[in-house]
file work33.csv (CSV, C-alpha atoms)
chain,number,residue,atom,x,y,z
A,921,MET,CA,93.1,88.0,119.6
A,922,SER,CA,92.6,87.3,115.9
A,923,ALA,CA,95.8,88.5,114.4
A,924,TYR,CA,94.4,87.9,111.0
A,925,ALA,CA,91.3,90.2,111.5
A,926,VAL,CA,93.5,93.0,112.8
A,927,GLU,CA,96.0,92.5,110.0
A,928,LYS,CA,93.2,92.6,107.5
A,929,VAL,CA,92.2,96.0,108.8
A,930,CYS,CA,95.8,97.2,108.5
A,931,ARG,CA,96.2,95.8,105.0
A,932,SER,CA,92.9,97.4,103.9
A,933,VAL,CA,94.3,100.7,105.1
A,934,VAL,CA,97.0,100.3,102.4
A,935,MET,CA,94.9,98.9,99.6
A,936,ASP,CA,91.5,100.7,100.0
A,937,ALA,CA,91.5,104.5,100.1
A,938,GLY,CA,87.8,104.5,100.8
A,939,PHE,CA,88.2,102.3,103.9
A,940,ARG,CA,91.0,104.5,105.0
A,941,GLU,CA,88.7,107.6,104.8
A,942,GLN,CA,85.9,105.7,106.7
A,943,LEU,CA,88.4,105.0,109.5
A,944,ARG,CA,89.2,108.7,109.7
A,945,GLU,CA,85.6,109.8,109.7
A,946,GLU,CA,83.7,107.1,111.6
A,947,PRO,CA,86.3,104.7,113.1
A,948,SER,CA,83.9,102.8,115.3
A,949,ARG,CA,81.4,102.2,112.5
A,950,ALA,CA,84.1,101.2,110.1
A,951,LEU,CA,85.7,98.7,112.5
A,952,GLU,CA,82.3,97.2,113.4
A,953,ALA,CA,81.7,96.5,109.8
A,954,ALA,CA,85.1,94.9,109.3
A,955,ARG,CA,85.1,91.2,108.3
A,956,PRO,CA,86.3,88.9,109.8
A,957,ALA,CA,84.6,90.6,112.8
A,958,LEU,CA,86.8,92.2,115.4
A,959,THR,CA,86.3,91.7,119.1
A,960,GLU,CA,85.4,94.7,121.3
A,961,SER,CA,88.9,94.7,122.8
A,962,GLU,CA,90.5,94.6,119.3
A,963,ARG,CA,88.3,97.5,118.2
A,964,ARG,CA,89.2,99.4,121.4
A,965,ALA,CA,93.0,98.7,120.9
A,966,LEU,CA,92.8,100.0,117.3
A,967,ILE,CA,90.9,103.1,118.2
A,968,ASP,CA,93.3,103.8,121.0
A,969,GLY,CA,96.3,103.3,118.7
A,970,ASP,CA,97.5,100.6,121.2
A,971,VAL,CA,99.9,99.0,118.8
A,972,GLY,CA,101.8,97.4,121.6
A,973,THR,CA,98.9,95.2,122.6
A,974,LEU,CA,98.0,94.4,119.0
A,975,SER,CA,101.6,93.4,118.3
A,976,ARG,CA,101.8,91.2,121.4
A,977,GLY,CA,98.6,89.6,120.2
A,978,GLY,CA,100.5,88.4,117.1
A,979,ALA,CA,99.8,91.1,114.4
A,980,SER,CA,102.6,91.8,112.0
A,981,GLY,CA,104.7,94.8,112.7
A,982,PHE,CA,104.9,95.7,109.1
A,983,LEU,CA,101.1,95.8,108.8
A,984,LEU,CA,100.5,97.5,112.1
A,985,TRP,CA,103.0,100.2,111.1
A,986,GLN,CA,100.7,101.1,108.2
A,987,LEU,CA,98.4,102.7,110.7
A,988,SER,CA,101.1,105.3,111.6
A,989,ARG,CA,102.1,105.6,107.9
A,990,PHE,CA,98.6,106.9,107.2
A,991,SER,CA,98.4,108.8,110.5
A,992,LEU,CA,95.4,106.9,111.8
A,993,PHE,CA,94.2,106.5,115.4
A,994,GLY,CA,96.4,109.4,116.5
A,995,LEU,CA,99.6,107.6,115.6
A,996,ASP,CA,102.7,109.0,114.0
A,997,ASP,CA,106.0,107.1,113.4
A,998,ALA,CA,107.6,108.3,116.6
A,999,LEU,CA,104.6,107.4,118.8
A,1000,TYR,CA,104.2,104.1,117.0
A,1001,ALA,CA,107.8,103.2,117.7
A,1002,GLN,CA,107.6,104.4,121.3
A,1003,ARG,CA,104.7,102.1,122.0
A,1004,ILE,CA,106.2,99.0,120.3
A,1005,ARG,CA,109.5,99.5,122.2
A,1006,ALA,CA,107.6,99.9,125.5
A,1007,ALA,CA,105.6,96.7,124.8
A,1008,TYR,CA,108.8,94.7,124.3
A,1009,ALA,CA,111.1,96.5,126.8
A,1010,ASP,CA,112.0,93.2,128.5
A,1011,GLU,CA,112.7,91.2,125.4
A,1012,ARG,CA,114.7,94.0,123.9
A,1013,ALA,CA,116.8,94.2,127.0
A,1014,ARG,CA,117.4,90.5,126.8
A,1015,MET,CA,118.2,90.6,123.1
A,1016,ARG,CA,120.6,93.5,123.6
A,1017,ALA,CA,122.3,91.6,126.5
A,1018,ALA,CA,122.7,88.6,124.2
A,1019,GLY,CA,124.1,90.6,121.4
A,1020,GLU,CA,121.1,90.0,119.2
A,1021,LEU,CA,120.1,93.7,118.9
A,1022,PRO,CA,122.5,96.6,118.3
B,1359,MET,CA,116.9,77.4,74.6
B,1360,ALA,CA,117.0,80.6,76.5
B,1361,GLU,CA,120.3,81.9,77.8
B,1362,ILE,CA,120.8,83.6,81.2
B,1363,VAL,CA,122.9,86.5,80.2
B,1364,GLY,CA,123.2,88.1,83.6
B,1365,ALA,CA,122.0,88.3,87.2
B,1366,PHE,CA,121.3,91.5,89.0
B,1367,ALA,CA,120.1,92.6,92.4
B,1368,LEU,CA,119.0,96.0,93.6
B,1369,PRO,CA,116.9,97.5,96.4
B,1370,HIS,CA,113.2,98.3,96.3
B,1371,THR,CA,113.1,100.8,99.2
B,1372,PRO,CA,109.9,102.8,98.5
B,1373,PHE,CA,111.4,106.3,99.1
B,1374,PHE,CA,114.5,105.8,97.0
B,1375,PRO,CA,113.1,107.1,93.7
B,1376,ALA,CA,111.9,110.3,95.4
B,1377,LEU,CA,115.3,110.7,97.1
B,1378,VAL,CA,117.0,110.4,93.7
B,1379,ARG,CA,114.7,112.9,92.2
B,1380,ALA,CA,115.3,115.3,95.0
B,1381,GLY,CA,119.1,115.3,94.2
B,1382,GLY,CA,121.4,116.1,97.0
B,1383,GLU,CA,124.3,114.1,98.2
B,1384,ALA,CA,122.3,111.0,99.3
B,1385,GLY,CA,120.2,111.1,96.1
B,1386,GLN,CA,123.3,111.4,93.9
B,1387,GLU,CA,125.0,108.5,95.6
B,1388,LEU,CA,121.9,106.3,95.2
B,1389,ALA,CA,121.6,107.3,91.6
B,1390,ARG,CA,125.2,106.2,91.0
B,1391,LYS,CA,124.6,102.8,92.6
B,1392,TYR,CA,121.4,102.1,90.6
B,1393,GLU,CA,123.1,103.3,87.4
B,1394,ARG,CA,126.0,101.0,88.0
B,1395,VAL,CA,123.7,98.0,88.0
B,1396,ALA,CA,121.6,99.4,85.1
B,1397,ALA,CA,124.8,99.9,83.0
B,1398,ALA,CA,125.8,96.3,83.6
B,1399,PHE,CA,122.2,95.2,82.8
B,1400,ARG,CA,122.1,97.1,79.5
B,1401,GLU,CA,125.5,95.7,78.5
B,1402,VAL,CA,124.1,92.1,78.3
B,1403,GLU,CA,121.1,93.2,76.2
B,1404,PRO,CA,118.3,91.2,77.9
B,1405,GLU,CA,115.1,90.5,76.1
B,1406,VAL,CA,113.3,89.0,79.1
B,1407,ILE,CA,113.5,89.5,82.9
B,1408,VAL,CA,112.9,86.7,85.3
B,1409,PHE,CA,112.3,88.6,88.6
B,1410,PHE,CA,112.4,86.9,92.0
B,1411,LEU,CA,110.1,89.1,94.1
B,1412,PRO,CA,108.6,89.4,97.5
B,1413,ASP,CA,104.9,90.3,98.0
B,1414,HIS,CA,104.4,92.8,100.9
B,1415,LEU,CA,101.1,91.2,101.8
B,1416,ALA,CA,99.6,93.4,99.1
B,1417,ASP,CA,98.5,91.0,96.3
B,1418,ASN,CA,98.8,87.7,98.3
B,1419,PHE,CA,97.1,88.1,101.6
B,1420,GLN,CA,94.0,85.9,102.1
B,1421,THR,CA,96.0,83.0,100.5
B,1422,ILE,CA,99.7,82.9,100.9
B,1423,PRO,CA,101.3,80.7,98.2
B,1424,ILE,CA,104.9,79.9,99.1
B,1425,PHE,CA,105.8,80.3,95.4
B,1426,ASP,CA,103.8,81.8,92.6
B,1427,ILE,CA,104.3,82.9,89.0
B,1428,GLY,CA,102.4,85.8,87.5
B,1429,ALA,CA,101.0,84.8,84.2
B,1430,ALA,CA,98.8,87.5,82.6
B,1431,PRO,CA,99.5,89.7,79.5
B,1432,SER,CA,100.5,92.5,81.9
B,1433,ALA,CA,100.3,93.5,85.5
B,1434,SER,CA,99.8,97.0,87.0
B,1435,GLY,CA,101.6,98.4,90.0
B,1436,PRO,CA,102.4,99.5,92.5
B,1437,CYS,CA,99.2,98.3,94.2
B,1438,ASP,CA,100.4,99.2,97.7
B,1439,ASP,CA,99.9,103.0,97.6
B,1440,THR,CA,103.6,103.9,97.7
B,1441,GLU,CA,103.2,107.2,95.9
B,1442,HIS,CA,104.8,106.1,92.7
B,1443,PRO,CA,103.4,106.7,89.3
B,1444,GLY,CA,101.4,103.7,88.1
B,1445,HIS,CA,102.8,101.4,85.5
B,1446,GLU,CA,101.5,98.6,83.4
B,1447,VAL,CA,104.3,96.0,83.1
B,1448,THR,CA,104.2,93.5,80.3
B,1449,ILE,CA,104.5,89.9,81.3
B,1450,ALA,CA,106.1,87.3,79.1
B,1451,VAL,CA,103.0,85.3,79.6
B,1452,ASP,CA,103.8,82.3,77.4
B,1453,ARG,CA,107.2,81.9,79.0
B,1454,ALA,CA,105.6,82.3,82.5
B,1455,ILE,CA,103.2,79.5,81.7
B,1456,ALA,CA,105.9,77.3,80.3
B,1457,LEU,CA,108.0,77.9,83.4
B,1458,HIS,CA,105.1,77.1,85.6
B,1459,ARG,CA,104.6,73.8,83.8
B,1460,HIS,CA,108.2,73.0,84.1
B,1461,LEU,CA,108.4,73.7,87.8
B,1462,VAL,CA,105.3,71.7,88.6
B,1463,ALA,CA,106.6,68.8,86.5
B,1464,ASP,CA,109.9,69.1,88.4
B,1465,GLY,CA,108.1,68.7,91.8
B,1466,PHE,CA,107.5,72.2,92.9
B,1467,ASP,CA,103.9,73.1,93.8
B,1468,VAL,CA,104.0,76.6,92.4
B,1469,ALA,CA,100.8,78.6,92.2
B,1470,LEU,CA,99.8,80.4,89.0
B,1471,ALA,CA,98.6,84.0,89.5
B,1472,ARG,CA,96.3,84.9,86.6
B,1473,GLU,CA,95.6,88.5,87.6
B,1474,PRO,CA,98.7,89.4,89.5
B,1475,ARG,CA,99.2,92.9,90.9
B,1476,LEU,CA,102.7,94.2,91.5
B,1477,ASP,CA,103.8,96.1,94.6
B,1478,HIS,CA,106.7,98.5,95.0
B,1479,ALA,CA,109.2,95.7,95.1
B,1480,SER,CA,109.0,95.2,91.4
B,1481,ILE,CA,108.2,98.8,90.3
B,1482,VAL,CA,111.0,100.6,92.2
B,1483,PRO,CA,113.9,98.4,90.7
B,1484,LEU,CA,112.3,98.5,87.2
B,1485,GLU,CA,112.0,102.3,87.3
B,1486,PHE,CA,115.8,102.4,87.6
B,1487,LEU,CA,116.6,99.4,85.4
B,1488,THR,CA,114.2,99.8,82.5
B,1489,PRO,CA,112.6,103.3,82.9
B,1490,ALA,CA,110.5,102.8,79.8
B,1491,PHE,CA,109.3,99.4,81.2
B,1492,GLN,CA,110.1,98.0,77.7
B,1493,ILE,CA,111.3,94.5,78.7
B,1494,PRO,CA,108.7,91.9,79.6
B,1495,ILE,CA,109.1,90.2,82.9
B,1496,VAL,CA,108.2,86.8,84.5
B,1497,PRO,CA,107.4,87.6,88.1
B,1498,ILE,CA,108.2,84.7,90.5
B,1499,ARG,CA,107.1,85.5,94.0
B,1500,ILE,CA,108.4,83.8,97.1
B,1501,SER,CA,106.6,84.2,100.4
B,1502,THR,CA,109.2,86.1,102.5
B,1503,PHE,CA,107.0,87.7,105.1
B,1504,VAL,CA,104.6,85.2,106.6
B,1505,ARG,CA,106.2,82.4,108.8
B,1506,PRO,CA,107.0,79.7,108.2
B,1507,LEU,CA,109.2,80.8,105.3
B,1508,PRO,CA,110.4,78.3,102.7
B,1509,THR,CA,113.9,77.0,103.5
B,1510,ALA,CA,116.9,78.4,101.8
B,1511,GLN,CA,117.6,75.0,100.3
B,1512,ARG,CA,114.1,74.9,98.8
B,1513,CYS,CA,114.5,78.3,97.3
B,1514,ARG,CA,117.9,77.2,95.9
B,1515,ASP,CA,116.2,74.2,94.3
B,1516,VAL,CA,113.5,76.4,92.8
B,1517,GLY,CA,116.2,78.6,91.4
B,1518,ARG,CA,117.9,75.6,89.8
B,1519,SER,CA,114.6,74.4,88.4
B,1520,VAL,CA,113.9,77.9,86.9
B,1521,ARG,CA,117.2,77.6,85.1
B,1522,GLY,CA,116.2,74.2,83.7
B,1523,GLY,CA,112.8,75.6,82.6
B,1524,LEU,CA,114.4,78.6,80.9
B,1525,GLU,CA,117.0,76.3,79.1
B,1526,ALA,CA,114.2,74.1,77.9
B,1527,GLY,CA,112.2,77.1,76.6
B,1528,SER,CA,112.3,79.2,73.5
B,1529,PRO,CA,115.4,81.2,72.7
B,1530,ALA,CA,115.9,84.6,74.4
B,1531,ARG,CA,118.5,86.5,76.4
B,1532,VAL,CA,117.2,86.4,79.9
B,1533,ALA,CA,118.3,88.5,82.9
B,1534,VAL,CA,117.5,87.1,86.3
B,1535,LEU,CA,116.8,89.7,89.0
B,1536,ALA,CA,116.4,89.7,92.8
B,1537,THR,CA,115.6,92.4,95.3
B,1538,GLY,CA,115.4,92.6,99.0
B,1539,ASN,CA,117.0,93.1,102.4
B,1540,PHE,CA,119.4,90.8,104.3
B,1541,SER,CA,118.5,92.3,107.7
B,1542,LEU,CA,115.5,94.6,108.3
B,1543,GLU,CA,112.7,95.0,110.8
B,1544,ILE,CA,109.8,97.4,110.0
B,1545,GLY,CA,107.5,98.2,112.8
B,1546,GLY,CA,108.4,95.2,114.9
B,1547,PRO,CA,110.1,94.6,118.3
B,1548,ARG,CA,113.6,94.5,116.7
B,1549,MET,CA,113.4,98.1,115.5
B,1550,SER,CA,116.2,100.5,116.4
B,1551,GLU,CA,116.2,102.9,119.4
B,1552,THR,CA,115.8,105.9,117.0
B,1553,HIS,CA,113.4,104.8,114.2
B,1554,TYR,CA,110.5,102.5,113.5
B,1555,THR,CA,112.8,100.4,111.4
B,1556,GLY,CA,116.0,98.7,112.3
B,1557,ILE,CA,118.9,96.6,111.0
B,1558,PRO,CA,119.0,94.0,113.8
B,1559,ASP,CA,121.9,91.9,112.5
B,1560,PRO,CA,124.5,94.0,110.7
B,1561,SER,CA,127.1,91.2,111.1
B,1562,TRP,CA,124.8,88.9,109.1
B,1563,VAL,CA,124.7,91.5,106.3
B,1564,GLU,CA,128.5,91.5,106.1
B,1565,ARG,CA,128.7,87.8,106.3
B,1566,ILE,CA,126.3,87.4,103.3
B,1567,VAL,CA,128.3,89.7,101.2
B,1568,GLU,CA,131.5,88.0,102.2
B,1569,LEU,CA,130.1,84.6,101.2
B,1570,MET,CA,128.8,86.0,97.9
B,1571,GLU,CA,132.1,87.6,97.1
B,1572,ALA,CA,133.8,84.2,97.8
B,1573,GLY,CA,131.4,82.4,95.6
B,1574,GLU,CA,130.3,80.2,98.5
B,1575,LEU,CA,126.7,79.5,97.8
B,1576,ASP,CA,126.7,76.2,99.6
B,1577,GLN,CA,127.8,77.9,102.8
B,1578,LEU,CA,125.3,80.8,102.4
B,1579,VAL,CA,122.5,78.3,102.1
B,1580,ALA,CA,123.7,76.4,105.1
B,1581,GLU,CA,124.0,79.5,107.2
B,1582,ALA,CA,120.6,81.0,106.2
B,1583,THR,CA,118.7,79.0,108.8
B,1584,PRO,CA,115.2,80.0,109.9
B,1585,GLU,CA,116.8,81.1,113.3
B,1586,ARG,CA,119.3,83.3,111.6
B,1587,LEU,CA,116.7,84.9,109.3
B,1588,GLU,CA,114.5,85.5,112.3
B,1589,ARG,CA,117.2,87.2,114.2
B,1590,ALA,CA,117.9,89.4,111.2
B,1591,GLY,CA,114.4,90.8,111.3
B,1592,ALA,CA,110.9,90.2,110.1
B,1593,GLU,CA,111.7,91.3,106.6
B,1594,ALA,CA,115.1,89.5,106.4
B,1595,GLY,CA,113.6,86.6,104.6
B,1596,GLU,CA,114.1,88.5,101.4
B,1597,LEU,CA,117.5,87.0,101.2
B,1598,LEU,CA,115.7,83.9,99.9
B,1599,LEU,CA,115.0,85.8,96.7
B,1600,TRP,CA,118.7,86.3,96.2
B,1601,ILE,CA,119.4,82.6,96.9
B,1602,ALA,CA,116.8,81.5,94.3
B,1603,MET,CA,118.4,83.9,91.8
B,1604,LEU,CA,122.0,82.9,92.6
B,1605,ALA,CA,121.0,79.2,92.0
B,1606,SER,CA,119.7,80.0,88.5
B,1607,PHE,CA,123.2,80.2,87.0
B,1608,ASP,CA,126.6,78.8,87.5
B,1609,PHE,CA,127.3,80.8,90.7
B,1610,CYS,CA,130.5,82.8,90.7
B,1611,PRO,CA,131.7,85.9,92.6
B,1612,PRO,CA,129.9,89.0,91.4
B,1613,ALA,CA,131.4,91.6,89.1
B,1614,PHE,CA,130.6,94.0,92.0
B,1615,VAL,CA,128.6,94.1,95.1
B,1616,GLU,CA,128.0,97.4,96.9
B,1617,LEU,CA,126.7,97.2,100.4
B,1618,GLN,CA,124.3,99.7,101.9
B,1619,PRO,CA,124.9,98.8,105.5
B,1620,GLN,CA,122.5,101.4,106.9
B,1621,PHE,CA,119.7,99.7,105.0
B,1622,GLY,CA,120.8,96.1,105.4
B,1623,GLN,CA,120.9,95.5,101.6
B,1624,ALA,CA,123.1,95.6,98.6
B,1625,PHE,CA,123.4,96.3,94.8
B,1626,ALA,CA,125.2,93.6,92.8
B,1627,ALA,CA,125.7,92.4,89.3
B,1628,TRP,CA,126.8,89.2,87.6
B,1629,PRO,CA,127.1,89.9,83.8
B,1630,LEU,CA,127.4,86.5,82.3
B,1631,ARG,CA,127.1,87.0,78.6
B,1632,THR,CA,130.3,86.4,76.7
B,1633,GLY,CA,132.1,89.6,76.0
B,1634,ALA,CA,130.1,91.6,78.4
B,1635,ALA,CA,132.0,94.2,80.4
B,1636,VAL,CA,131.2,96.2,83.4

call {"tool": "encode", "arguments": {"input": "work33.csv", "output": "structure tokens"}}
result
Amino acid sequence: MSAYAVEKVCRSVVMDAGFREQLREEPSRALEAARPALTESERRALIDGDVGTLSRGGASGFLLWQLSRFSLFGLDDALYAQRIRAAYADERARMRAAGELP
Amino acid sequence: MAEIVGAFALPHTPFFPALVRAGGEAGQELARKYERVAAAFREVEPEVIVFFLPDHLADNFQTIPIFDIGAAPSASGPCDDTEHPGHEVTIAVDRAIALHRHLVADGFDVALAREPRLDHASIVPLEFLTPAFQIPIVPIRISTFVRPLPTAQRCRDVGRSVRGGLEAGSPARVAVLATGNFSLEIGGPRMSETHYTGIPDPSWVERIVELMEAGELDQLVAEATPERLERAGAEAGELLLWIAMLASFDFCPPAFVELQPQFGQAFAAWPLRTGAAV
């Protein structure tokens, strides 16, 4: 996965209101036009709001969260958080056991 | 020769201005904390602000300079769509360029941003500190989001060099500012069980305040290892902004530091100008 290509989409959501609207109206088309080009699986993960997979692929949590901040791809903050926690359930359990997570 | 008349630190949490405007108990308490810093700031009558800032991957994204100085007549912000009114902030451009020259001559490869855009990290604190945006700033940004981060020692050295550059420059009363969290994770795996953010390392937050109150900058720099910052959350690198600021004057315990443990951050002031009172 190209974390940078995914992050650039997320960052454009913040900085470019026009792109944000394109993602709402024609998400597949907007993502196909994104540069650097996204792979099919990256486009699918974005459209599915599969932030767990995208995060595990290396994309910044801060930037991925912008998708839920702007209610894109069916995400809201609660669903976003649920998917990230699920994607890292094992690591979170280990961190908690080691006292590295409250 | 410019004189550093005070050092101040305050949060840039994007929703704080709206919370203050809404009133209520939380808003009033926030307003009190911001005003405490603002009163100490006004007391030392600064003419210029040197502001150590993060960039939330808003202005710097395709290229990530570890350090950069904004040098334009002014900069607009916030550029990151955080629902604040837009502001045009005057930059002390000649001083910014002089500082850049000094830092490069001193061995720091600092980038020069000729058309900088400011994000909420500068606009939120300035809304509280200088509501009329009447004091020109020199924005010095440190990369605190993208790994690898600069080391704490490197940021301390940059802070020292900034002091040297200011002292070599034209006369002015300068306030140095920092902003940012000691522990924070937004949207990442260290979030809390109840929110999309989290404060993964509250004991580190308390330790930082303890070291600042004791005037132990050496120890703070020694303990701010990459591993410790990682454990404190993806956004915890903003401590480096504080360290650069703390190194830009003869570090001493603050006049006050008010912790916000639930947000992993603090308000603090070091009024330095002779005769200044808090």

call {"tool": "residues_around", "arguments": {"input": "work33.csv", "residues": "range 992-999 of chain A", "least_positions_apart": "5", "cutoff": "12 Å", "atoms": "only C-alpha atoms", "output": "PyMOL selection string"}}
result
(chain A and resi 929-930+933-934+939-948+951+963-972+984-987+1004-1006) or (chain B and resi 1544-1545+1549-1555)

call {"tool": "interface_residues", "arguments": {"input": "work33.csv", "of": "chain A", "to": "chain B", "cutoff": "10 Å", "atoms": "only C-alpha atoms", "output": "MDAnalysis selection string"}}
result
chainID A and resid 924 927:928 931:937 971:972 975:976 979:986 988 997:1009 1011:1012 1015:1016 1019:1022

call {"tool": "write_last_selection", "arguments": {"input": "work33.csv", "atoms": "C-alpha atoms", "output": "PDB file, in the frame of the given file"}}
result
ATOM      1  CA  TYR A 924      94.400  87.900 111.000  1.00  0.00           C
ATOM      2  CA  GLU A 927      96.000  92.500 110.000  1.00  0.00           C
ATOM      3  CA  LYS A 928      93.200  92.600 107.500  1.00  0.00           C
ATOM      4  CA  ARG A 931      96.200  95.800 105.000  1.00  0.00           C
ATOM      5  CA  SER A 932      92.900  97.400 103.900  1.00  0.00           C
ATOM      6  CA  VAL A 933      94.300 100.700 105.100  1.00  0.00           C
ATOM      7  CA  VAL A 934      97.000 100.300 102.400  1.00  0.00           C
ATOM      8  CA  MET A 935      94.900  98.900  99.600  1.00  0.00           C
ATOM      9  CA  ASP A 936      91.500 100.700 100.000  1.00  0.00           C
ATOM     10  CA  ALA A 937      91.500 104.500 100.100  1.00  0.00           C
ATOM     11  CA  VAL A 971      99.900  99.000 118.800  1.00  0.00           C
ATOM     12  CA  GLY A 972     101.800  97.400 121.600  1.00  0.00           C
ATOM     13  CA  SER A 975     101.600  93.400 118.300  1.00  0.00           C
ATOM     14  CA  ARG A 976     101.800  91.200 121.400  1.00  0.00           C
ATOM     15  CA  ALA A 979      99.800  91.100 114.400  1.00  0.00           C
ATOM     16  CA  SER A 980     102.600  91.800 112.000  1.00  0.00           C
ATOM     17  CA  GLY A 981     104.700  94.800 112.700  1.00  0.00           C
ATOM     18  CA  PHE A 982     104.900  95.700 109.100  1.00  0.00           C
ATOM     19  CA  LEU A 983     101.100  95.800 108.800  1.00  0.00           C
ATOM     20  CA  LEU A 984     100.500  97.500 112.100  1.00  0.00           C
ATOM     21  CA  TRP A 985     103.000 100.200 111.100  1.00  0.00           C
ATOM     22  CA  GLN A 986     100.700 101.100 108.200  1.00  0.00           C
ATOM     23  CA  SER A 988     101.100 105.300 111.600  1.00  0.00           C
ATOM     24  CA  ASP A 997     106.000 107.100 113.400  1.00  0.00           C
ATOM     25  CA  ALA A 998     107.600 108.300 116.600  1.00  0.00           C
ATOM     26  CA  LEU A 999     104.600 107.400 118.800  1.00  0.00           C
ATOM     27  CA  TYR A1000     104.200 104.100 117.000  1.00  0.00           C
ATOM     28  CA  ALA A1001     107.800 103.200 117.700  1.00  0.00           C
ATOM     29  CA  GLN A1002     107.600 104.400 121.300  1.00  0.00           C
ATOM     30  CA  ARG A1003     104.700 102.100 122.000  1.00  0.00           C
ATOM     31  CA  ILE A1004     106.200  99.000 120.300  1.00  0.00           C
ATOM     32  CA  ARG A1005     109.500  99.500 122.200  1.00  0.00           C
ATOM     33  CA  ALA A1006     107.600  99.900 125.500  1.00  0.00           C
ATOM     34  CA  ALA A1007     105.600  96.700 124.800  1.00  0.00           C
ATOM     35  CA  TYR A1008     108.800  94.700 124.300  1.00  0.00           C
ATOM     36  CA  ALA A1009     111.100  96.500 126.800  1.00  0.00           C
ATOM     37  CA  GLU A1011     112.700  91.200 125.400  1.00  0.00           C
ATOM     38  CA  ARG A1012     114.700  94.000 123.900  1.00  0.00           C
ATOM     39  CA  MET A1015     118.200  90.600 123.100  1.00  0.00           C
ATOM     40  CA  ARG A1016     120.600  93.500 123.600  1.00  0.00           C
ATOM     41  CA  GLY A1019     124.100  90.600 121.400  1.00  0.00           C
ATOM     42  CA  GLU A1020     121.100  90.000 119.200  1.00  0.00           C
ATOM     43  CA  LEU A1021     120.100  93.700 118.900  1.00  0.00           C
ATOM     44  CA  PRO A1022     122.500  96.600 118.300  1.00  0.00           C
TER      45      PRO A1022
END

call {"tool": "atom_distance", "arguments": {"input": "work33.csv", "atom1": "CA of Val1408 in chain B", "atom2": "CA of Phe1625 in chain B"}}
result
17.1 Å

call {"tool": "atom_distance", "arguments": {"input": "work33.csv", "atom1": "CA of Asp1576 in chain B", "atom2": "CA of Asp1515 in chain B"}}
result
11.9 Å

call {"tool": "atom_distance", "arguments": {"input": "work33.csv", "atom1": "CA of Ala1463 in chain B", "atom2": "CA of Ile1498 in chain B"}}
result
16.5 Å

call {"tool": "residues_around", "arguments": {"input": "work33.csv", "residues": "Leu1587 in chain B", "least_positions_apart": "5", "cutoff": "10 Å", "atoms": "all atoms listed in the file", "output": "ChimeraX atom specification"}}
result
/B:1507,1510,1540-1542,1559,1562,1581-1582,1592-1598

call {"tool": "residues_near_point", "arguments": {"input": "work33.csv", "point": "(126.0, 96.3, 84.1)", "cutoff": "9 Å", "atoms": "only C-alpha atoms", "output": "PyMOL selection string"}}
result
chain B and resi 1364+1366+1393-1402+1613+1627-1629+1634-1636
